[in-house]
file entry.cif (mmCIF, C-alpha atoms and all ligand atoms)
data_data
#
loop_
_atom_site.label_atom_id
_atom_site.label_comp_id
_atom_site.auth_asym_id
_atom_site.auth_seq_id
_atom_site.Cartn_x
_atom_site.Cartn_y
_atom_site.Cartn_z
CA MET W 1 101.45 -291.36 24.47
CA LYS W 2 103.78 -292.19 27.37
CA ALA W 3 102.96 -291.01 30.89
CA THR W 4 105.64 -288.74 32.35
CA ILE W 5 107.31 -289.19 35.75
CA ALA W 6 109.29 -286.62 37.75
CA THR W 7 111.06 -287.49 40.99
CA GLU W 8 112.53 -285.43 43.80
CA TRP W 9 114.77 -286.23 46.73
CA LEU W 10 114.33 -284.36 50.02
CA SER W 11 115.82 -285.35 53.41
CA GLY W 12 116.50 -289.01 52.76
CA CYS W 13 119.48 -291.22 52.08
CA SER W 14 118.92 -291.69 48.30
CA GLY W 15 118.21 -295.38 48.89
CA CYS W 16 114.70 -294.98 47.52
CA HIS W 17 116.02 -293.56 44.25
CA VAL W 18 118.52 -296.39 44.00
CA ALA W 19 115.56 -298.75 44.40
CA VAL W 20 114.02 -297.25 41.25
CA VAL W 21 117.22 -298.08 39.36
CA ASP W 22 117.04 -301.55 40.92
CA LEU W 23 113.84 -302.16 39.00
CA HIS W 24 116.15 -303.65 36.33
CA GLU W 25 114.08 -305.38 33.66
CA LYS W 26 110.86 -304.17 35.29
CA LEU W 27 112.12 -300.62 34.62
CA LEU W 28 112.56 -301.48 30.94
CA GLY W 29 109.03 -302.83 30.87
CA LEU W 30 107.76 -299.67 32.54
CA LEU W 31 109.70 -297.45 30.14
CA GLU W 32 107.50 -298.71 27.34
CA ASN W 33 104.69 -296.84 29.07
CA VAL W 34 106.44 -294.01 30.90
CA GLU W 35 109.13 -291.40 30.37
CA PHE W 36 111.21 -289.96 33.20
CA VAL W 37 111.42 -286.18 32.76
CA ARG W 38 113.25 -285.61 36.06
CA ILE W 39 115.10 -288.12 38.24
CA PRO W 40 118.11 -286.82 40.20
CA VAL W 41 119.90 -290.18 40.35
CA LEU W 42 119.91 -290.58 36.54
CA MET W 43 119.67 -287.11 34.95
CA ASP W 44 120.78 -283.55 35.64
CA GLU W 45 117.48 -281.67 35.55
CA LYS W 46 117.26 -278.85 38.08
CA ASP W 47 113.85 -277.50 37.01
CA TYR W 48 110.48 -278.99 37.82
CA PRO W 49 108.83 -279.97 34.53
CA GLU W 50 105.14 -280.85 34.42
CA ALA W 51 104.52 -284.57 34.80
CA ASP W 52 101.69 -287.06 35.21
CA ILE W 53 103.29 -288.72 38.23
CA GLY W 54 105.52 -287.15 40.90
CA ILE W 55 107.58 -289.44 43.12
CA VAL W 56 109.04 -287.84 46.26
CA GLU W 57 111.68 -289.46 48.47
CA GLY W 58 112.61 -288.15 51.91
CA ALA W 59 111.05 -286.11 54.69
CA VAL W 60 110.79 -282.33 55.02
CA ARG W 61 113.66 -281.15 57.20
CA SER W 62 114.68 -277.78 55.70
CA GLU W 63 113.28 -274.79 53.85
CA HIS W 64 114.81 -276.27 50.69
CA ASP W 65 112.76 -279.44 51.16
CA ARG W 66 109.59 -277.41 51.70
CA VAL W 67 110.08 -275.26 48.57
CA ALA W 68 111.09 -278.20 46.37
CA LEU W 69 108.10 -280.25 47.53
CA LYS W 70 105.63 -277.44 46.83
CA LYS W 71 107.09 -276.98 43.35
CA MET W 72 106.72 -280.70 42.68
CA ARG W 73 103.12 -280.71 43.91
CA SER W 74 102.23 -277.77 41.64
CA LYS W 75 103.66 -279.54 38.56
CA VAL W 76 102.41 -283.13 38.88
CA LYS W 77 98.95 -284.67 38.63
CA THR W 78 99.49 -287.59 41.00
CA LEU W 79 101.96 -287.35 43.88
CA ILE W 80 103.44 -290.50 45.43
CA ALA W 81 105.02 -290.30 48.90
CA PHE W 82 107.82 -292.72 48.17
CA GLY W 83 109.55 -294.57 51.00
CA THR W 84 109.20 -294.50 54.76
CA CYS W 85 110.89 -291.09 55.12
CA ALA W 86 108.34 -289.41 52.84
CA VAL W 87 105.39 -291.27 54.37
CA TYR W 88 106.31 -291.21 58.09
CA GLY W 89 109.47 -289.11 58.47
CA GLY W 90 111.73 -292.17 58.52
CA PRO W 91 114.92 -292.48 60.59
CA SER W 92 115.61 -288.75 60.57
CA GLY W 93 112.29 -288.37 62.40
CA ILE W 94 114.21 -289.25 65.56
CA GLY W 95 115.32 -285.62 65.29
CA TRP W 96 111.91 -284.83 66.80
CA LEU W 97 113.39 -285.78 70.14
CA HIS W 98 116.22 -283.23 69.99
CA GLU W 99 116.79 -279.55 69.32
CA SER W 100 118.01 -279.04 65.73
CA SER W 101 121.11 -277.29 67.14
CA ASP W 102 121.90 -280.48 69.11
CA VAL W 103 121.47 -282.55 65.93
CA MET W 104 123.91 -280.26 64.10
CA ASN W 105 126.42 -280.36 66.95
CA CYS W 106 126.22 -284.13 67.19
CA ALA W 107 126.46 -284.72 63.42
CA TYR W 108 129.09 -282.11 62.55
CA ARG W 109 131.11 -281.25 65.62
CA SER W 110 131.26 -284.11 68.05
CA GLY W 111 130.62 -287.15 65.86
CA PRO W 112 133.17 -289.99 65.94
CA THR W 113 134.57 -289.03 62.51
CA ASN W 114 134.86 -285.34 63.31
CA SER W 115 137.80 -283.43 64.73
CA GLY W 116 135.55 -281.50 67.10
CA THR W 117 136.43 -278.17 65.51
CA GLU W 118 134.67 -278.36 62.15
CA SER W 119 131.44 -276.41 61.69
CA PRO W 120 128.77 -277.08 59.10
CA ASP W 121 129.07 -275.00 55.94
CA MET W 122 127.49 -271.69 56.90
CA ASN W 123 125.90 -271.54 53.43
CA ALA W 124 124.05 -274.78 54.01
CA VAL W 125 120.27 -274.49 54.31
CA PRO W 126 119.41 -274.49 58.05
CA LEU W 127 117.46 -277.38 59.51
CA GLU W 128 113.89 -276.66 60.50
CA GLU W 129 113.06 -277.41 64.12
CA CYS W 130 111.07 -280.54 63.21
CA VAL W 131 111.16 -283.33 60.65
CA VAL W 132 107.76 -283.91 59.06
CA PRO W 133 106.29 -286.40 56.56
CA ILE W 134 105.47 -284.78 53.22
CA ASP W 135 101.69 -284.89 53.71
CA GLU W 136 102.14 -282.36 56.53
CA VAL W 137 103.11 -279.88 53.78
CA VAL W 138 101.20 -280.86 50.61
CA PRO W 139 98.37 -283.25 49.73
CA VAL W 140 99.56 -286.75 48.80
CA ASP W 141 97.67 -289.09 46.46
CA ILE W 142 99.47 -292.39 47.02
CA TYR W 143 101.55 -293.67 49.95
CA LEU W 144 104.30 -296.19 49.27
CA PRO W 145 106.33 -296.79 52.45
CA GLY W 146 109.36 -299.08 52.58
CA CYS W 147 113.00 -298.39 53.35
CA PRO W 148 113.27 -298.55 50.43
CA PRO W 149 110.12 -300.10 48.93
CA HIS W 150 110.88 -303.37 47.12
CA PRO W 151 110.99 -302.95 43.30
CA TYR W 152 108.00 -305.31 43.08
CA PHE W 153 105.84 -302.78 44.95
CA ILE W 154 107.30 -299.78 43.08
CA ALA W 155 106.35 -301.31 39.75
CA ALA W 156 102.93 -302.30 41.12
CA ALA W 157 102.26 -298.76 42.40
CA ILE W 158 103.20 -297.13 39.09
CA LYS W 159 101.07 -299.66 37.20
CA ALA W 160 98.16 -298.91 39.53
CA VAL W 161 98.40 -295.20 38.68
CA LEU W 162 98.61 -295.87 34.94
CA ASP W 163 95.86 -298.49 34.89
CA PRO W 164 92.93 -298.21 37.32
CA CYS W 165 92.12 -301.87 36.57
CA ALA W 166 95.57 -303.10 37.74
CA PRO W 167 95.47 -305.36 40.83
CA ARG W 168 95.46 -303.47 44.15
CA ILE W 169 98.56 -303.86 46.34
CA THR W 170 97.67 -305.80 49.48
CA GLY W 171 97.80 -304.21 52.94
CA LYS W 172 99.15 -307.32 54.67
CA PRO W 173 101.96 -307.24 57.26
CA VAL W 174 105.51 -308.58 56.80
CA CYS W 175 104.48 -311.92 58.42
CA SER W 176 102.43 -312.63 55.28
CA ASP W 177 105.65 -313.17 53.30
CA CYS W 178 107.75 -314.67 56.11
CA THR W 179 108.42 -318.40 55.91
CA ARG W 180 108.94 -318.90 59.67
CA LYS W 181 106.25 -320.74 61.61
CA MET W 182 104.63 -319.33 64.74
CA ARG W 183 104.23 -322.03 67.38
CA LYS W 184 103.70 -322.23 71.12
CA SER W 185 106.95 -322.71 73.06
CA GLU W 186 107.72 -323.34 76.72
CA ASN W 187 110.53 -322.17 79.02
CA ILE W 188 111.32 -319.21 76.76
CA THR W 189 112.70 -315.96 78.19
CA LEU W 190 112.71 -312.52 76.59
CA LYS W 191 115.98 -312.12 74.64
CA ARG W 192 116.90 -308.50 75.28
CA GLY W 193 119.16 -306.91 72.67
CA GLU W 194 118.95 -309.95 70.36
CA LEU W 195 118.10 -309.65 66.66
CA THR W 196 118.43 -313.28 65.75
CA ALA W 197 117.65 -316.76 67.11
CA GLU W 198 118.91 -320.30 66.77
CA ASP W 199 116.03 -322.01 64.95
CA GLN W 200 115.79 -320.73 61.36
CA GLU W 201 112.35 -322.26 60.78
CA ILE W 202 110.51 -320.85 63.79
CA CYS W 203 109.09 -317.36 64.31
CA PHE W 204 111.33 -315.05 66.35
CA LEU W 205 108.48 -314.30 68.74
CA SER W 206 108.21 -318.01 69.57
CA GLN W 207 111.91 -317.90 70.48
CA GLY W 208 111.66 -314.80 72.70
CA VAL W 209 113.13 -312.30 70.21
CA VAL W 210 111.11 -309.15 69.47
CA CYS W 211 110.23 -309.06 65.76
CA LEU W 212 108.02 -306.29 64.37
CA GLY W 213 106.86 -308.26 61.32
CA SER W 214 103.27 -308.55 62.53
CA VAL W 215 102.93 -304.79 63.07
CA THR W 216 104.78 -303.67 59.92
CA LEU W 217 103.31 -303.19 56.44
CA ASN W 218 104.77 -305.60 53.90
CA ARG W 219 106.48 -303.49 51.25
CA CYS W 220 109.67 -305.56 51.23
CA LEU W 221 108.77 -309.30 50.82
CA ALA W 222 110.22 -310.03 54.29
CA PRO W 223 113.97 -310.27 53.49
CA CYS W 224 115.14 -309.91 57.11
CA PRO W 225 113.36 -312.84 58.78
CA LYS W 226 114.04 -314.96 55.68
CA ARG W 227 117.78 -314.27 56.14
CA GLY W 228 117.90 -314.67 59.90
CA THR W 229 117.25 -311.21 61.37
CA ALA W 230 114.15 -309.98 63.17
CA CYS W 231 112.12 -307.26 61.44
CA SER W 232 112.86 -303.78 62.81
CA GLY W 233 109.80 -302.20 61.19
CA CYS W 234 111.50 -300.12 58.50
CA ALA W 235 108.44 -300.08 56.21
CA GLY W 236 106.41 -298.37 58.90
CA PRO W 237 103.37 -299.54 60.84
CA SER W 238 100.75 -301.96 59.56
CA LEU W 239 97.46 -300.50 58.37
CA ASP W 240 95.53 -301.53 61.49
CA ILE W 241 97.97 -299.55 63.64
CA VAL W 242 97.76 -296.51 61.36
CA ASN W 243 93.97 -296.58 61.22
CA GLU W 244 93.01 -297.52 64.79
CA PRO W 245 94.14 -295.08 67.49
CA GLN W 246 93.93 -297.64 70.31
CA LEU W 247 96.23 -300.16 68.62
CA ASP W 248 99.97 -299.79 69.07
CA ILE W 249 103.21 -301.55 68.17
CA ARG W 250 104.31 -302.59 71.64
CA THR W 251 100.98 -303.86 72.94
CA LEU W 252 100.25 -305.96 69.84
CA VAL W 253 103.74 -307.50 69.82
CA ALA W 254 103.56 -308.17 73.57
CA LYS W 255 100.17 -309.90 73.27
CA ARG W 256 101.34 -312.11 70.42
CA MET W 257 104.58 -313.05 72.19
CA ASN W 258 102.64 -313.77 75.39
CA MET W 259 100.27 -316.12 73.54
CA LEU W 260 103.22 -317.98 71.97
CA THR W 261 105.60 -318.16 74.94
CA GLY W 262 103.81 -317.07 78.10
CA ILE W 263 106.30 -314.20 78.58
CA ASP W 264 104.59 -311.48 80.61
CA THR W 265 103.23 -308.71 78.39
CA THR W 266 104.56 -305.98 80.70
CA ASP W 267 108.11 -307.37 80.29
CA VAL W 268 107.79 -306.97 76.53
CA THR W 269 106.10 -303.57 76.56
CA SER W 270 108.58 -302.11 79.03
CA TYR W 271 111.52 -303.53 77.01
CA ILE W 272 110.15 -301.90 73.84
CA GLU W 273 109.52 -298.62 75.67
CA GLN W 274 113.07 -298.59 77.05
CA ASN W 275 114.31 -299.00 73.48
CA ALA W 276 111.75 -296.73 71.83
CA LYS W 277 114.34 -295.06 69.60
CA THR W 278 114.94 -298.47 68.02
CA PHE W 279 111.45 -299.94 67.91
CA TYR W 280 109.73 -296.68 66.94
CA ALA W 281 112.63 -295.44 64.77
CA TYR W 282 110.85 -295.16 61.45
CA ALA W 283 107.53 -293.49 62.14
CA LEU W 284 108.24 -291.33 65.17
CA ALA W 285 107.64 -288.08 63.25
CA SER W 286 104.19 -289.18 62.08
CA PRO W 287 101.00 -288.12 63.88
CA ALA W 288 99.83 -291.69 63.17
CA ILE W 289 102.24 -292.73 65.94
CA TYR W 290 103.01 -289.80 68.24
CA LYS W 291 99.37 -288.73 68.56
CA LYS W 292 98.22 -292.12 69.83
CA PRO W 293 96.85 -291.69 73.34
CA THR W 294 99.00 -294.54 74.66
CA VAL W 295 102.32 -293.64 73.04
CA GLU W 296 104.57 -291.62 75.35
CA ILE W 297 107.80 -291.44 73.38
CA MET W 298 109.09 -288.42 75.32
CA GLU W 299 108.50 -290.09 78.66
CA TRP W 300 110.10 -293.37 77.57
CA THR W 301 113.22 -291.76 76.14
CA GLY W 302 113.60 -289.11 78.83
CA GLU W 303 114.01 -286.40 76.15
CA THR W 304 112.66 -282.93 76.74
CA THR W 305 111.74 -281.56 73.30
CA LYS W 306 107.97 -281.35 72.92
CA LEU W 307 106.13 -283.24 70.19
CA ASN W 308 103.25 -281.11 68.92
S1 LIG F 1 112.97 -294.56 53.26
FE1 LIG F 1 114.91 -295.58 53.78
S2 LIG F 1 115.90 -295.89 51.78
FE2 LIG F 1 114.29 -294.33 51.48
S3 LIG F 1 115.31 -292.35 51.79
FE3 LIG F 1 114.45 -292.96 53.77
S4 LIG F 1 116.13 -293.99 54.83
FE4 LIG F 1 116.67 -293.93 52.65
S1 LIG F 2 106.80 -312.10 63.70
FE1 LIG F 2 108.66 -312.00 62.45
S2 LIG F 2 109.53 -314.07 62.44
FE2 LIG F 2 107.41 -314.20 63.16
S3 LIG F 2 106.23 -314.69 61.32
FE3 LIG F 2 106.21 -312.45 61.58
S4 LIG F 2 107.92 -311.70 60.37
FE4 LIG F 2 108.21 -313.91 60.65
S1 LIG F 3 113.17 -304.52 58.70
FE1 LIG F 3 111.17 -305.50 58.36
S2 LIG F 3 110.09 -304.06 57.01
FE2 LIG F 3 112.28 -303.57 56.89
S3 LIG F 3 113.08 -304.77 55.13
FE3 LIG F 3 113.41 -305.99 57.00
S4 LIG F 3 111.61 -307.30 57.09
FE4 LIG F 3 111.08 -305.62 55.72
#

call {"tool": "encode", "arguments": {"input": "entry.cif", "output": "structure tokens"}}
result
Amino acid sequence: MKATIATEWLSGCSGCHVAVVDLHEKLLGLLENVEFVRIPVLMDEKDYPEADIGIVEGAVRSEHDRVALKKMRSKVKTLIAFGTCAVYGGPSGIGWLHESSDVMNCAYRSGPTNSGTESPDMNAVPLEECVVPIDEVVPVDIYLPGCPPHPYFIAAAIKAVLDPCAPRITGKPVCSDCTRKMRKSENITLKRGELTAEDQEICFLSQGVVCLGSVTLNRCLAPCPKRGTACSGCAGPSLDIVNEPQLDIRTLVAKRMNMLTGIDTTDVTSYIEQNAKTFYAYALASPAIYKKPTVEIMEWTGETTKLN
């Protein structure tokens, strides 16, 4: 008998659902073993049927998200937090730093594509005051971050649920799939605001460009550094950062860059702090980041909303 899968889509961009469709031939292989009973991107099923596996994209940002998530949890045996939004809050987690009324005003009234007079539909579900990862609302069985996760890891995660003997997905960082070489370099300065560097063979850190590949979990196969852009950490923090309270993104990157180039660690840490909304963009709403004793997002950004 085929295992059944139901999916749901909370506050996210739908990119994670599109990634499921992107499974292509892997999806066909999977379909021999599974049947989708609910998947918003492919079928019009409003109810929440019982299923063996529940896959949830997006963070909890509204009462609708909260209710939908609880319904999913009550109907599925194994729940997968699917994508960086579901696991860590994702980009919309930056809403933590602002009042929800400010977010609405910025998005709907004073945004560059808005006339300045339009108001959000008054029937729309109001935003909650905070964005939270889904495990702040219901228990989660499997975490699959990635923005979106690469189809390779999606297929591997589903196989792991269906077959306890399937190979475990590794917990290595993005560097493990990057082809660039780390090497010691001299006379290198910190390249502020740069996302790329001249030498395509050499690690960005060796060239003075901040790359988060060493502090980011590999759920993408490292497409950005392979194509010439530094990693911005969209798959969320590496497992050592999640599990060890004293380890943090900026200090680990600064130490590594210092070893490779001699650039002062405080230059790197203060640069990352000044740009915290960029370098901490994907996991800001997660206690794994904002509860670290050394992470002072509010202080760095000068925002006034309190993180709990
Ligand atoms: S994790 Fe990325 S791709 Fe998935 S819903 Fe969030 S923003 Fe979109
Ligand atoms: S830090 Fe970035 S460029 Fe360097 S090896 Fe890691 S992913 Fe590649
Ligand atoms: S930003 Fe980093 S984690 Fe995200 S897809 Fe690019 S290499 Fe992967």

call {"tool": "closest_atom_pairs", "arguments": {"input": "entry.cif", "of": "chain W", "to": "ligand LIG 3 (chain F)", "cutoff": "6 Å", "atoms": "all atoms listed in the file", "output": "JSON lines"}}
result
{"residue": "W:Gly213", "atom": "CA", "partner": "F:LIG3", "partner_atom": "FE1", "distance": 5.9}
{"residue": "W:Cys220", "atom": "CA", "partner": "F:LIG3", "partner_atom": "FE4", "distance": 4.7}
{"residue": "W:Ala222", "atom": "CA", "partner": "F:LIG3", "partner_atom": "S4", "distance": 4.2}
{"residue": "W:Pro223", "atom": "CA", "partner": "F:LIG3", "partner_atom": "S4", "distance": 5.2}
{"residue": "W:Cys224", "atom": "CA", "partner": "F:LIG3", "partner_atom": "FE3", "distance": 4.3}
{"residue": "W:Cys231", "atom": "CA", "partner": "F:LIG3", "partner_atom": "FE1", "distance": 3.7}
{"residue": "W:Ser232", "atom": "CA", "partner": "F:LIG3", "partner_atom": "S1", "distance": 4.2}
{"residue": "W:Gly233", "atom": "CA", "partner": "F:LIG3", "partner_atom": "FE1", "distance": 4.6}
{"residue": "W:Cys234", "atom": "CA", "partner": "F:LIG3", "partner_atom": "FE2", "distance": 3.9}
{"residue": "W:Ala235", "atom": "CA", "partner": "F:LIG3", "partner_atom": "S2", "distance": 4.4}

call {"tool": "residues_around", "arguments": {"input": "entry.cif", "residues": "Glu57 (chain W)", "least_positions_apart": "4", "cutoff": "8 Å", "atoms": "all atoms listed in the file", "output": "JSON, numbers by chain"}}
result
{"W": [7, 8, 9, 10, 11, 12, 14, 16, 17, 81, 82, 83, 85, 86]}

call {"tool": "residues_near_ligand", "arguments": {"input": "entry.cif", "ligand": "ligand LIG 2 (chain F)", "cutoff": "10 Å", "atoms": "only C-alpha atoms and all ligand atoms", "output": "PyMOL selection string"}}
result
chain W and resi 173-183+196-197+200-207+209-216+218+221-226+228-233+253+256-257

call {"tool": "closest_residue", "arguments": {"input": "entry.cif", "among": "W:Thr294, W:Thr266, W:Thr84, W:Thr251", "to": "Pro149 (chain W)", "atoms": "all atoms listed in the file"}}
result
W:Thr84

call {"tool": "closest_residue", "arguments": {"input": "entry.cif", "among": "W:Ile297, W:Arg61, W:Leu190, W:Met1", "to": "Asp267 (chain W)", "atoms": "only C-alpha atoms"}}
result
W:Leu190

call {"tool": "closest_residue", "arguments": {"input": "entry.cif", "among": "W:Leu144, W:Ile272, W:Met43, W:Val138", "to": "Ile169 (chain W)", "atoms": "only C-alpha atoms"}}
result
W:Leu144

call {"tool": "residues_near_point", "arguments": {"input": "entry.cif", "point": "(112.5, -290.8, 63.2)", "cutoff": "10 Å", "atoms": "all atoms listed in the file", "output": "list in words"}}
result
Ala59, Thr84, Cys85, Tyr88, Gly89, Gly90, Pro91, Ser92, Gly93, Ile94, Gly95, Trp96, Leu97, Val131, Val132, Lys277, Thr278, Tyr280, Ala281, Tyr282, Ala283, Leu284, Ala285 and Ser286 of chain W

call {"tool": "atom_distance", "arguments": {"input": "entry.cif", "atom1": "CA of Glu63 (chain W)", "atom2": "CA of Val87 (chain W)"}}
result
18.3 Å

call {"tool": "closest_residue", "arguments": {"input": "entry.cif", "among": "W:Val18, W:Val161, W:Leu247, W:Val295", "to": "ligand LIG 1 (chain F)", "atoms": "all atoms listed in the file"}}
result
W:Val18

call {"tool": "atom_distance", "arguments": {"input": "entry.cif", "atom1": "CA of Leu127 (chain W)", "atom2": "CA of Thr301 (chain W)"}}
result
22.4 Å

call {"tool": "atom_distance", "arguments": {"input": "entry.cif", "atom1": "CA of Leu42 (chain W)", "atom2": "CA of Val56 (chain W)"}}
result
14.8 Å

call {"tool": "residues_near_point", "arguments": {"input": "entry.cif", "point": "(99.7, -286.4, 30.8)", "cutoff": "8 Å", "atoms": "all atoms listed in the file", "output": "MDAnalysis selection string"}}
result
chainID W and resid 2:4 51:52

call {"tool": "closest_residue", "arguments": {"input": "entry.cif", "among": "W:Val268, W:Ile39, W:Ala6, W:Ala288", "to": "Gly236 (chain W)", "atoms": "all atoms listed in the file"}}
result
W:Ala288

call {"tool": "closest_residue", "arguments": {"input": "entry.cif", "among": "W:Ser110, W:Thr78, W:Thr269, W:Ser100", "to": "Ala160 (chain W)", "atoms": "all atoms listed in the file"}}
result
W:Thr78
